[in-house]
$ cat final_3.cif   # mmCIF, C-alpha atoms
data_final
loop_
_atom_site.group_PDB
_atom_site.id
_atom_site.type_symbol
_atom_site.label_atom_id
_atom_site.label_comp_id
_atom_site.auth_asym_id
_atom_site.auth_seq_id
_atom_site.Cartn_x
_atom_site.Cartn_y
_atom_site.Cartn_z
ATOM 1 C CA MET A 1 130.180 77.296 49.122
ATOM 2 C CA LYS A 2 129.917 81.076 49.152
ATOM 3 C CA LYS A 3 126.765 80.954 46.998
ATOM 4 C CA LEU A 4 125.236 78.326 49.281
ATOM 5 C CA ILE A 5 125.736 80.476 52.411
ATOM 6 C CA LEU A 6 124.396 83.604 50.675
ATOM 7 C CA SER A 7 121.383 81.647 49.395
ATOM 8 C CA LEU A 8 120.602 80.318 52.881
ATOM 9 C CA LEU A 9 120.993 83.847 54.317
ATOM 10 C CA CYS A 10 118.564 85.244 51.707
ATOM 11 C CA PHE A 11 116.024 82.491 52.469
ATOM 12 C CA ALA A 12 116.360 83.178 56.226
ATOM 13 C CA ILE A 13 115.802 86.931 55.760
ATOM 14 C CA ALA A 14 112.850 86.314 53.424
ATOM 15 C CA GLY A 15 111.352 83.912 55.980
ATOM 16 C CA MET A 16 111.670 86.478 58.781
ATOM 17 C CA VAL A 17 110.083 89.215 56.663
ATOM 18 C CA TYR A 18 107.050 87.052 55.816
ATOM 19 C CA ALA A 19 106.756 85.937 59.461
ATOM 20 C CA GLN A 20 106.019 89.567 60.439
ATOM 21 C CA GLY A 21 102.453 89.401 59.173
ATOM 22 C CA VAL A 22 99.851 91.874 60.406
ATOM 23 C CA ILE A 23 97.299 90.521 62.842
ATOM 24 C CA LYS A 24 94.011 92.411 62.758
ATOM 25 C CA LEU A 25 92.250 92.734 66.093
ATOM 26 C CA ASP A 26 88.701 93.780 66.843
ATOM 27 C CA GLU A 27 88.094 97.428 67.614
ATOM 28 C CA LEU A 28 88.562 98.406 71.273
ATOM 29 C CA LYS A 29 85.979 100.773 72.664
ATOM 30 C CA MET A 30 86.707 102.795 75.789
ATOM 31 C CA GLU A 31 83.848 104.639 77.394
ATOM 32 C CA PHE A 32 83.628 107.153 80.203
ATOM 33 C CA ASN A 33 81.683 105.662 83.084
ATOM 34 C CA PRO A 34 80.188 108.454 85.215
ATOM 35 C CA THR A 35 78.981 105.975 87.850
ATOM 36 C CA SER A 36 82.566 105.895 89.165
ATOM 37 C CA LEU A 37 82.185 109.590 89.987
ATOM 38 C CA GLU A 38 78.892 109.193 91.794
ATOM 39 C CA ILE A 39 78.867 110.229 95.415
ATOM 40 C CA ASP A 40 78.542 107.563 98.112
ATOM 41 C CA GLU A 41 75.051 108.033 99.595
ATOM 42 C CA SER A 42 75.996 106.757 103.063
ATOM 43 C CA SER A 43 78.945 109.126 103.615
ATOM 44 C CA ASN A 44 78.119 111.914 101.099
ATOM 45 C CA SER A 45 81.677 111.732 99.783
ATOM 46 C CA LEU A 46 83.883 110.225 97.100
ATOM 47 C CA THR A 47 87.082 108.319 97.844
ATOM 48 C CA PHE A 48 89.613 108.482 95.034
ATOM 49 C CA LYS A 49 92.518 105.971 95.079
ATOM 50 C CA VAL A 50 95.620 107.744 93.786
ATOM 51 C CA SER A 51 97.914 105.918 91.380
ATOM 52 C CA GLU A 52 101.316 107.588 91.275
ATOM 53 C CA ASP A 53 103.738 107.494 88.343
ATOM 54 C CA TYR A 54 106.597 107.438 90.876
ATOM 55 C CA ILE A 55 106.878 107.155 94.666
ATOM 56 C CA GLY A 56 106.224 110.473 96.380
ATOM 57 C CA GLN A 57 104.574 112.135 93.374
ATOM 58 C CA PHE A 58 101.336 112.775 95.253
ATOM 59 C CA HIS A 59 102.952 113.818 98.536
ATOM 60 C CA ALA A 60 105.222 116.361 96.808
ATOM 61 C CA ASN A 61 102.209 118.637 96.177
ATOM 62 C CA PRO A 62 98.858 116.942 96.904
ATOM 63 C CA LEU A 63 96.646 119.935 96.099
ATOM 64 C CA LYS A 64 98.346 120.476 92.740
ATOM 65 C CA TYR A 65 98.005 116.758 91.945
ATOM 66 C CA ALA A 66 94.296 116.846 92.844
ATOM 67 C CA LYS A 67 93.717 119.961 90.739
ATOM 68 C CA GLN A 68 95.461 118.435 87.693
ATOM 69 C CA ASN A 69 94.096 114.883 87.930
ATOM 70 C CA PHE A 70 90.528 115.317 89.168
ATOM 71 C CA SER A 71 87.729 117.239 87.460
ATOM 72 C CA ILE A 72 85.281 118.637 89.989
ATOM 73 C CA ALA A 73 83.066 119.799 87.100
ATOM 74 C CA ASP A 74 82.637 116.191 85.870
ATOM 75 C CA PHE A 75 82.001 115.076 89.451
ATOM 76 C CA ILE A 76 79.278 117.692 89.973
ATOM 77 C CA GLU A 77 77.716 116.798 86.609
ATOM 78 C CA ALA A 78 77.608 113.084 87.527
ATOM 79 C CA ASN A 79 75.788 113.968 90.775
ATOM 80 C CA GLN A 80 73.541 116.710 89.414
ATOM 81 C CA GLY A 81 70.133 115.328 90.343
ATOM 82 C CA LYS A 82 71.009 114.486 93.948
ATOM 83 C CA ASP A 83 70.560 117.996 95.405
ATOM 84 C CA PHE A 84 73.914 118.310 97.221
ATOM 85 C CA ASN A 85 75.266 121.750 98.122
ATOM 86 C CA LYS A 86 78.744 120.606 99.156
ATOM 87 C CA TYR A 87 81.053 117.785 98.170
ATOM 88 C CA THR A 88 83.890 115.992 99.939
ATOM 89 C CA VAL A 89 86.518 114.216 97.867
ATOM 90 C CA THR A 90 89.181 112.121 99.619
ATOM 91 C CA PHE A 91 92.387 111.194 97.803
ATOM 92 C CA VAL A 92 94.056 108.139 99.376
ATOM 93 C CA THR A 93 97.600 106.773 99.080
ATOM 94 C CA SER A 94 99.549 104.276 101.165
ATOM 95 C CA LYS A 95 101.229 107.170 103.027
ATOM 96 C CA GLY A 96 98.170 109.265 103.820
ATOM 97 C CA THR A 97 95.169 111.237 102.655
ATOM 98 C CA LEU A 98 94.084 114.551 101.208
ATOM 99 C CA ARG A 99 90.492 115.584 101.918
ATOM 100 C CA VAL A 100 89.112 118.453 99.819
ATOM 101 C CA HIS A 101 85.747 120.118 100.459
ATOM 102 C CA TYR A 102 84.017 121.856 97.537
ATOM 103 C CA ASN A 103 80.884 124.018 97.394
ATOM 104 C CA GLU A 104 78.061 123.524 94.868
ATOM 105 C CA ASP A 105 79.915 125.702 92.307
ATOM 106 C CA GLY A 106 83.040 123.501 92.420
ATOM 107 C CA GLU A 107 85.144 126.000 94.386
ATOM 108 C CA ILE A 108 87.358 124.718 97.176
ATOM 109 C CA THR A 109 86.112 125.641 100.659
ATOM 110 C CA SER A 110 88.778 123.828 102.691
ATOM 111 C CA SER A 111 91.265 120.993 102.586
ATOM 112 C CA SER A 112 93.280 118.879 104.991
ATOM 113 C CA GLN A 113 96.302 116.664 104.410
ATOM 114 C CA ARG A 114 97.734 113.979 106.663
ATOM 115 C CA PHE A 115 100.738 111.865 105.697
ATOM 116 C CA ILE A 116 102.694 109.458 107.891
ATOM 117 C CA ASP A 117 106.303 108.280 107.754
ATOM 118 C CA VAL A 118 107.375 110.950 105.283
ATOM 119 C CA ASN A 119 110.970 111.878 104.552
ATOM 120 C CA LEU A 120 111.886 115.150 106.204
ATOM 121 C CA PRO A 121 114.098 117.672 104.424
ATOM 122 C CA TYR A 122 117.763 117.110 105.313
ATOM 123 C CA LYS A 123 118.172 120.501 107.031
ATOM 124 C CA SER A 124 115.141 119.787 109.206
ATOM 125 C CA ILE A 125 116.534 116.421 110.309
ATOM 126 C CA VAL A 126 119.854 118.018 111.246
ATOM 127 C CA GLU A 127 118.098 120.822 113.148
ATOM 128 C CA ILE A 128 115.937 118.371 115.123
ATOM 129 C CA LEU A 129 118.803 116.047 116.019
ATOM 130 C CA LYS A 130 121.088 118.945 117.038
ATOM 131 C CA ALA A 131 118.400 120.354 119.317
ATOM 132 C CA ASN A 132 117.709 116.880 120.799
ATOM 133 C CA GLU A 133 121.076 115.160 121.209
ATOM 134 C CA GLY A 134 120.946 111.428 121.890
ATOM 135 C CA TYR A 135 117.462 111.049 120.419
ATOM 136 C CA LYS A 136 116.525 109.250 117.230
ATOM 137 C CA ILE A 137 113.559 109.832 114.957
ATOM 138 C CA ILE A 138 111.007 107.004 115.142
ATOM 139 C CA SER A 139 108.069 108.465 113.189
ATOM 140 C CA THR A 140 107.018 111.542 111.249
ATOM 141 C CA LYS A 141 103.727 113.116 110.198
ATOM 142 C CA HIS A 142 103.129 115.885 107.678
ATOM 143 C CA LEU A 143 99.925 117.850 108.278
ATOM 144 C CA ALA A 144 98.532 120.765 106.268
ATOM 145 C CA TYR A 145 95.283 122.734 106.181
ATOM 146 C CA SER A 146 93.805 125.345 103.864
ATOM 147 C CA LYS A 147 90.672 127.451 103.636
ATOM 148 C CA SER A 148 89.305 128.576 100.271
ATOM 149 C CA SER A 149 92.640 128.113 98.528
ATOM 150 C CA TRP A 150 94.796 125.646 96.617
ATOM 151 C CA ILE A 151 97.750 126.732 98.811
ATOM 152 C CA PRO A 152 98.035 125.414 102.409
ATOM 153 C CA ASP A 153 97.405 128.085 105.062
ATOM 154 C CA LYS A 154 98.949 126.071 107.886
ATOM 155 C CA GLU A 155 101.538 123.341 107.385
ATOM 156 C CA PHE A 156 103.745 121.486 109.871
ATOM 157 C CA TYR A 157 105.625 118.287 110.683
ATOM 158 C CA LYS A 158 105.120 116.281 113.865
ATOM 159 C CA VAL A 159 108.178 114.225 114.726
ATOM 160 C CA LYS A 160 108.307 111.530 117.399
ATOM 161 C CA LEU A 161 111.747 111.101 119.018
ATOM 162 C CA GLU A 162 113.065 108.359 121.281
ATOM 163 C CA ASN A 163 116.068 108.045 123.591
ATOM 164 C CA GLY A 164 115.889 104.680 125.339
ATOM 165 C CA LYS A 165 112.703 104.855 127.429
ATOM 166 C CA ASN A 166 112.294 108.608 126.967
ATOM 167 C CA ARG A 167 110.011 109.800 124.198
ATOM 168 C CA LYS A 168 109.463 113.296 122.916
ATOM 169 C CA ASN A 169 107.221 114.926 120.311
ATOM 170 C CA VAL A 170 108.507 117.854 118.270
ATOM 171 C CA LYS A 171 106.422 120.125 116.056
ATOM 172 C CA MET A 172 108.019 121.979 113.140
ATOM 173 C CA ASN A 173 106.110 124.773 111.422
ATOM 174 C CA ILE A 174 106.580 125.059 107.684
ATOM 175 C CA SER A 175 106.526 128.398 105.931
ATOM 176 C CA ARG A 176 107.079 128.941 102.241
ATOM 177 C CA ASN A 177 109.416 131.634 100.945
ATOM 178 C CA ALA A 178 108.710 133.736 97.852
ATOM 179 C CA SER A 179 109.936 130.988 95.495
ATOM 180 C CA GLY A 180 107.650 128.387 97.150
ATOM 181 C CA VAL A 181 110.451 126.490 98.905
ATOM 182 C CA ALA A 182 109.402 125.095 102.303
ATOM 183 C CA VAL A 183 111.363 126.267 105.329
ATOM 184 C CA ALA A 184 110.754 124.314 108.564
ATOM 185 C CA THR A 185 111.411 125.853 111.973
ATOM 186 C CA LEU A 186 111.264 124.222 115.404
ATOM 187 C CA GLU A 187 108.444 125.371 117.624
#

$ encode --input "final_3.cif" --output "C-alpha coordinates"
Amino acid sequence: MKKLILSLLCFAIAGMVYAQGVIKLDELKMEFNPTSLEIDESSNSLTFKVSEDYIGQFHANPLKYAKQNFSIADFIEANQGKDFNKYTVTFVTSKGTLRVHYNEDGEITSSSQRFIDVNLPYKSIVEILKANEGYKIISTKHLAYSKSSWIPDKEFYKVKLENGKNRKNVKMNISRNASGVAVATLE
(Lines of atoms letter the chains of each structure in order from A and count residues from 1; the text may use other names and numbers.)
(Lines give C-alpha, C1' and ligand atoms only; values in the text may rest on other atoms or scores of the structure.)
Protein backbone atom coordinates (compact mmCIF):
# COMPACT_ATOMS: atom_id res chain seq x y z
CA MET A 1 0.00 0.00 0.00
CA LYS A 2 2.89 2.29 0.88
CA LYS A 3 4.54 1.64 -2.50
CA LEU A 4 1.26 2.33 -4.30
CA ILE A 5 0.84 5.75 -2.63
CA LEU A 6 4.49 6.69 -3.28
CA SER A 7 4.17 5.59 -6.91
CA LEU A 8 1.03 7.68 -7.41
CA LEU A 9 2.75 10.67 -5.74
CA CYS A 10 5.76 10.32 -8.07
CA PHE A 11 3.48 10.12 -11.14
CA ALA A 12 1.56 13.22 -9.94
CA ILE A 13 4.78 15.22 -9.43
CA ALA A 14 6.15 14.08 -12.81
CA GLY A 15 2.87 15.10 -14.46
CA MET A 16 2.99 18.57 -12.90
CA VAL A 17 6.61 19.08 -13.96
CA TYR A 18 5.87 18.19 -17.60
CA ALA A 19 2.73 20.37 -17.55
CA GLN A 20 4.95 23.44 -16.99
CA GLY A 21 6.05 23.56 -20.61
CA VAL A 22 7.45 26.76 -22.09
CA ILE A 23 5.17 28.63 -24.45
CA LYS A 24 7.04 30.73 -26.99
CA LEU A 25 5.37 33.99 -27.94
CA ASP A 26 6.10 36.31 -30.83
CA GLU A 27 8.46 39.20 -30.18
CA LEU A 28 6.81 42.34 -28.79
CA LYS A 29 8.02 45.60 -30.26
CA MET A 30 7.48 48.86 -28.42
CA GLU A 31 8.20 52.06 -30.26
CA PHE A 32 8.34 55.69 -29.22
CA ASN A 33 5.60 57.62 -30.96
CA PRO A 34 6.53 61.31 -31.16
CA THR A 35 3.11 62.25 -32.55
CA SER A 36 1.79 62.01 -28.97
CA LEU A 37 4.12 64.89 -28.09
CA GLU A 38 3.05 67.09 -30.97
CA ILE A 39 1.53 70.40 -30.03
CA ASP A 40 -2.18 70.99 -30.64
CA GLU A 41 -2.36 73.51 -33.51
CA SER A 42 -5.66 75.05 -32.38
CA SER A 43 -4.56 75.88 -28.81
CA ASN A 44 -0.73 75.87 -29.21
CA SER A 45 -0.45 73.62 -26.16
CA LEU A 46 -0.14 70.02 -25.02
CA THR A 47 -2.44 68.44 -22.45
CA PHE A 48 -0.82 65.60 -20.54
CA LYS A 49 -3.10 63.24 -18.55
CA VAL A 50 -1.29 62.28 -15.35
CA SER A 51 -1.42 58.68 -14.17
CA GLU A 52 -0.48 58.46 -10.50
CA ASP A 53 1.04 55.42 -8.79
CA TYR A 54 -0.96 56.35 -5.67
CA ILE A 55 -3.63 58.93 -4.80
CA GLY A 56 -2.12 62.34 -4.13
CA GLN A 57 1.25 61.59 -5.72
CA PHE A 58 0.92 64.42 -8.23
CA HIS A 59 -0.57 66.95 -5.82
CA ALA A 60 2.20 66.39 -3.24
CA ASN A 61 4.69 68.22 -5.51
CA PRO A 62 3.33 68.87 -9.02
CA LEU A 63 6.38 70.72 -10.36
CA LYS A 64 8.74 67.97 -9.21
CA TYR A 65 6.46 65.33 -10.77
CA ALA A 66 6.39 67.27 -14.06
CA LYS A 67 10.17 67.68 -14.06
CA GLN A 68 10.75 63.95 -13.43
CA ASN A 69 8.05 62.52 -15.72
CA PHE A 70 8.01 64.86 -18.71
CA SER A 71 10.90 65.61 -21.08
CA ILE A 72 10.63 69.11 -22.50
CA ALA A 73 13.62 68.34 -24.75
CA ASP A 74 11.71 65.47 -26.45
CA PHE A 75 8.65 67.72 -26.73
CA ILE A 76 10.63 70.51 -28.41
CA GLU A 77 12.28 67.98 -30.75
CA ALA A 78 8.88 66.56 -31.79
CA ASN A 79 7.70 70.09 -32.65
CA GLN A 80 10.91 71.39 -34.19
CA GLY A 81 9.67 72.40 -37.63
CA LYS A 82 6.63 74.33 -36.40
CA ASP A 83 8.42 77.59 -35.52
CA PHE A 84 7.10 78.04 -31.96
CA ASN A 85 8.98 80.26 -29.51
CA LYS A 86 7.04 79.24 -26.40
CA TYR A 87 5.26 76.12 -25.25
CA THR A 88 2.43 75.48 -22.80
CA VAL A 89 2.09 72.04 -21.23
CA THR A 90 -0.93 71.28 -19.04
CA PHE A 91 -0.85 68.34 -16.63
CA VAL A 92 -4.38 67.20 -15.69
CA THR A 93 -5.65 65.04 -12.82
CA SER A 94 -9.11 64.52 -11.36
CA LYS A 95 -8.29 67.04 -8.59
CA GLY A 96 -6.84 69.84 -10.70
CA THR A 97 -4.25 71.08 -13.14
CA LEU A 98 -0.68 72.27 -13.43
CA ARG A 99 0.08 74.57 -16.37
CA VAL A 100 3.76 75.11 -17.19
CA HIS A 101 5.02 77.64 -19.74
CA TYR A 102 8.41 77.03 -21.37
CA ASN A 103 10.51 79.19 -23.70
CA GLU A 104 12.08 77.94 -26.95
CA ASP A 105 15.16 76.67 -25.02
CA GLY A 106 13.04 74.47 -22.72
CA GLU A 107 13.44 76.70 -19.66
CA ILE A 108 10.42 77.32 -17.46
CA THR A 109 9.05 80.87 -17.72
CA SER A 110 6.06 80.47 -15.39
CA SER A 111 3.68 77.94 -13.92
CA SER A 112 0.30 77.86 -12.22
CA GLN A 113 -1.37 75.16 -10.15
CA ARG A 114 -5.02 74.83 -9.20
CA PHE A 115 -6.37 71.91 -7.18
CA ILE A 116 -9.83 71.52 -5.66
CA ASP A 117 -11.06 69.56 -2.65
CA VAL A 118 -7.58 68.90 -1.30
CA ASN A 119 -6.83 67.72 2.21
CA LEU A 120 -5.50 70.55 4.34
CA PRO A 121 -2.71 69.95 6.84
CA TYR A 122 -4.14 69.10 10.27
CA LYS A 123 -2.70 72.21 11.97
CA SER A 124 -4.28 74.41 9.31
CA ILE A 125 -7.71 72.84 9.82
CA VAL A 126 -7.48 73.38 13.57
CA GLU A 127 -6.36 76.99 13.10
CA ILE A 128 -9.23 77.76 10.70
CA LEU A 129 -11.90 76.15 12.86
CA LYS A 130 -10.62 77.84 16.05
CA ALA A 131 -10.69 81.24 14.35
CA ASN A 132 -14.19 80.57 12.94
CA GLU A 133 -16.16 78.78 15.67
CA GLY A 134 -19.42 77.18 14.56
CA TYR A 135 -18.36 76.99 10.91
CA LYS A 136 -17.58 73.87 8.93
CA ILE A 137 -15.34 73.48 5.91
CA ILE A 138 -17.30 72.82 2.71
CA SER A 139 -14.60 73.16 0.04
CA THR A 140 -10.90 73.82 -0.39
CA LYS A 141 -8.64 75.02 -3.20
CA HIS A 142 -4.86 74.93 -3.39
CA LEU A 143 -3.37 77.56 -5.70
CA ALA A 144 0.30 78.19 -6.51
CA TYR A 145 2.23 80.33 -8.99
CA SER A 146 5.87 80.58 -10.02
CA LYS A 147 7.99 82.65 -12.37
CA SER A 148 11.15 81.23 -13.93
CA SER A 149 11.52 78.57 -11.25
CA TRP A 150 10.61 75.01 -10.31
CA ILE A 151 9.69 76.32 -6.82
CA PRO A 152 6.35 78.16 -6.29
CA ASP A 153 6.77 81.89 -5.62
CA LYS A 154 3.25 82.33 -4.26
CA GLU A 155 1.19 79.54 -2.73
CA PHE A 156 -2.07 79.61 -0.76
CA TYR A 157 -5.24 77.75 0.20
CA LYS A 158 -8.74 79.14 -0.29
CA VAL A 159 -11.21 77.60 2.12
CA LYS A 160 -14.99 78.00 1.93
CA LEU A 161 -16.75 77.84 5.32
CA GLU A 162 -20.44 77.52 6.15
CA ASN A 163 -22.50 78.09 9.29
CA GLY A 164 -26.16 77.51 8.44
CA LYS A 165 -26.98 80.21 5.88
CA ASN A 166 -23.79 82.17 6.52
CA ARG A 167 -20.84 81.53 4.24
CA LYS A 168 -17.30 82.77 4.53
CA ASN A 169 -14.13 82.49 2.44
CA VAL A 170 -10.76 82.24 4.15
CA LYS A 171 -7.37 82.57 2.46
CA MET A 172 -4.29 80.94 3.99
CA ASN A 173 -0.84 81.89 2.71
CA ILE A 174 1.71 79.11 2.57
CA SER A 175 5.38 79.74 3.19
CA ARG A 176 8.08 77.12 3.20
CA ASN A 177 10.68 76.94 5.96
CA ALA A 178 14.34 76.07 5.36
CA SER A 179 13.61 72.32 5.28
CA GLY A 180 10.84 72.80 2.66
CA VAL A 181 7.95 72.10 5.04
CA ALA A 182 4.84 74.18 4.26
CA VAL A 183 3.57 76.48 6.99
CA ALA A 184 0.09 77.98 6.42
CA THR A 185 -0.99 81.20 8.11
CA LEU A 186 -4.41 82.87 8.10
CA GLU A 187 -4.62 86.12 6.20

$ resolve_selection --input "final_3.cif" --expression "the PyMOL selection byres ((chain A and resi 162) around 12)" --output "list in words"
Leu129, Asn132, Glu133, Gly134, Tyr135, Lys136, Ile137, Ile138, Ser139, Val159, Lys160, Leu161, Asn163, Gly164, Lys165, Asn166, Arg167, Lys168, Asn169 and Val170 of chain A

$ write_last_selection --input "final_3.cif" --atoms "C-alpha atoms" --output "short mmCIF file (atom, residue, chain, number, x, y, z; two decimals), in the coordinates of the input"
data_model
loop_
_atom_site.label_atom_id
_atom_site.label_comp_id
_atom_site.auth_asym_id
_atom_site.auth_seq_id
_atom_site.Cartn_x
_atom_site.Cartn_y
_atom_site.Cartn_z
CA LEU A 129 118.80 116.05 116.02
CA ASN A 132 117.71 116.88 120.80
CA GLU A 133 121.08 115.16 121.21
CA GLY A 134 120.95 111.43 121.89
CA TYR A 135 117.46 111.05 120.42
CA LYS A 136 116.52 109.25 117.23
CA ILE A 137 113.56 109.83 114.96
CA ILE A 138 111.01 107.00 115.14
CA SER A 139 108.07 108.46 113.19
CA VAL A 159 108.18 114.22 114.73
CA LYS A 160 108.31 111.53 117.40
CA LEU A 161 111.75 111.10 119.02
CA ASN A 163 116.07 108.04 123.59
CA GLY A 164 115.89 104.68 125.34
CA LYS A 165 112.70 104.86 127.43
CA ASN A 166 112.29 108.61 126.97
CA ARG A 167 110.01 109.80 124.20
CA LYS A 168 109.46 113.30 122.92
CA ASN A 169 107.22 114.93 120.31
CA VAL A 170 108.51 117.85 118.27
#

$ resolve_selection --input "final_3.cif" --expression "the PyMOL selection byres ((chain A and resi 104) around 6)" --output "NGL selection string"
:A and (85-86 or 103 or 105-106)

$ residues_near_point --input "final_3.cif" --point "(110.5, 116.4, 112.7)" --cutoff "8 Å" --atoms "all atoms listed in the file" --output "number ranges by chain"
A: 120, 124-125, 128, 137, 140-141, 157-160, 170-172

$ atom_distance --input "final_3.cif" --atom1 "atom CA of A:Ile174" --atom2 "atom CA of A:Trp150"
16.2 Å

$ atom_distance --input "final_3.cif" --atom1 "atom CA of A:Leu98" --atom2 "atom CA of A:Asp83"
24.5 Å

$ resolve_selection --input "final_3.cif" --expression "the PyMOL selection byres ((chain A and resi 65-75) around 12)" --output "VMD selection string"
chain A and resid 32 to 40 45 to 53 56 to 64 76 to 82 84 86 to 92 97 to 108 111 113 149 to 151

$ write_last_selection --input "final_3.cif" --atoms "C-alpha atoms" --output "PDB file, keeping the file's coordinate frame"
ATOM      1  CA  PHE A  32      83.628 107.153  80.203  1.00  0.00           C
ATOM      2  CA  ASN A  33      81.683 105.662  83.084  1.00  0.00           C
ATOM      3  CA  PRO A  34      80.188 108.454  85.215  1.00  0.00           C
ATOM      4  CA  THR A  35      78.981 105.975  87.850  1.00  0.00           C
ATOM      5  CA  SER A  36      82.566 105.895  89.165  1.00  0.00           C
ATOM      6  CA  LEU A  37      82.185 109.590  89.987  1.00  0.00           C
ATOM      7  CA  GLU A  38      78.892 109.193  91.794  1.00  0.00           C
ATOM      8  CA  ILE A  39      78.867 110.229  95.415  1.00  0.00           C
ATOM      9  CA  ASP A  40      78.542 107.563  98.112  1.00  0.00           C
ATOM     10  CA  SER A  45      81.677 111.732  99.783  1.00  0.00           C
ATOM     11  CA  LEU A  46      83.883 110.225  97.100  1.00  0.00           C
ATOM     12  CA  THR A  47      87.082 108.319  97.844  1.00  0.00           C
ATOM     13  CA  PHE A  48      89.613 108.482  95.034  1.00  0.00           C
ATOM     14  CA  LYS A  49      92.518 105.971  95.079  1.00  0.00           C
ATOM     15  CA  VAL A  50      95.620 107.744  93.786  1.00  0.00           C
ATOM     16  CA  SER A  51      97.914 105.918  91.380  1.00  0.00           C
ATOM     17  CA  GLU A  52     101.316 107.588  91.275  1.00  0.00           C
ATOM     18  CA  ASP A  53     103.738 107.494  88.343  1.00  0.00           C
ATOM     19  CA  GLY A  56     106.224 110.473  96.380  1.00  0.00           C
ATOM     20  CA  GLN A  57     104.574 112.135  93.374  1.00  0.00           C
ATOM     21  CA  PHE A  58     101.336 112.775  95.253  1.00  0.00           C
ATOM     22  CA  HIS A  59     102.952 113.818  98.536  1.00  0.00           C
ATOM     23  CA  ALA A  60     105.222 116.361  96.808  1.00  0.00           C
ATOM     24  CA  ASN A  61     102.209 118.637  96.177  1.00  0.00           C
ATOM     25  CA  PRO A  62      98.858 116.942  96.904  1.00  0.00           C
ATOM     26  CA  LEU A  63      96.646 119.935  96.099  1.00  0.00           C
ATOM     27  CA  LYS A  64      98.346 120.476  92.740  1.00  0.00           C
ATOM     28  CA  ILE A  76      79.278 117.692  89.973  1.00  0.00           C
ATOM     29  CA  GLU A  77      77.716 116.798  86.609  1.00  0.00           C
ATOM     30  CA  ALA A  78      77.608 113.084  87.527  1.00  0.00           C
ATOM     31  CA  ASN A  79      75.788 113.968  90.775  1.00  0.00           C
ATOM     32  CA  GLN A  80      73.541 116.710  89.414  1.00  0.00           C
ATOM     33  CA  GLY A  81      70.133 115.328  90.343  1.00  0.00           C
ATOM     34  CA  LYS A  82      71.009 114.486  93.948  1.00  0.00           C
ATOM     35  CA  PHE A  84      73.914 118.310  97.221  1.00  0.00           C
ATOM     36  CA  LYS A  86      78.744 120.606  99.156  1.00  0.00           C
ATOM     37  CA  TYR A  87      81.053 117.785  98.170  1.00  0.00           C
ATOM     38  CA  THR A  88      83.890 115.992  99.939  1.00  0.00           C
ATOM     39  CA  VAL A  89      86.518 114.216  97.867  1.00  0.00           C
ATOM     40  CA  THR A  90      89.181 112.121  99.619  1.00  0.00           C
ATOM     41  CA  PHE A  91      92.387 111.194  97.803  1.00  0.00           C
ATOM     42  CA  VAL A  92      94.056 108.139  99.376  1.00  0.00           C
ATOM     43  CA  THR A  97      95.169 111.237 102.655  1.00  0.00           C
ATOM     44  CA  LEU A  98      94.084 114.551 101.208  1.00  0.00           C
ATOM     45  CA  ARG A  99      90.492 115.584 101.918  1.00  0.00           C
ATOM     46  CA  VAL A 100      89.112 118.453  99.819  1.00  0.00           C
ATOM     47  CA  HIS A 101      85.747 120.118 100.459  1.00  0.00           C
ATOM     48  CA  TYR A 102      84.017 121.856  97.537  1.00  0.00           C
ATOM     49  CA  ASN A 103      80.884 124.018  97.394  1.00  0.00           C
ATOM     50  CA  GLU A 104      78.061 123.524  94.868  1.00  0.00           C
ATOM     51  CA  ASP A 105      79.915 125.702  92.307  1.00  0.00           C
ATOM     52  CA  GLY A 106      83.040 123.501  92.420  1.00  0.00           C
ATOM     53  CA  GLU A 107      85.144 126.000  94.386  1.00  0.00           C
ATOM     54  CA  ILE A 108      87.358 124.718  97.176  1.00  0.00           C
ATOM     55  CA  SER A 111      91.265 120.993 102.586  1.00  0.00           C
ATOM     56  CA  GLN A 113      96.302 116.664 104.410  1.00  0.00           C
ATOM     57  CA  SER A 149      92.640 128.113  98.528  1.00  0.00           C
ATOM     58  CA  TRP A 150      94.796 125.646  96.617  1.00  0.00           C
ATOM     59  CA  ILE A 151      97.750 126.732  98.811  1.00  0.00           C
TER      60      ILE A 151
END

$ atom_distance --input "final_3.cif" --atom1 "atom CA of A:Ile55" --atom2 "atom CA of A:Asn119"
11.7 Å

$ closest_residue --input "final_3.cif" --among "A:Lys130, A:Leu143, A:Val17, A:Ile5" --to "A:Phe115" --atoms "all atoms listed in the file"
A:Leu143
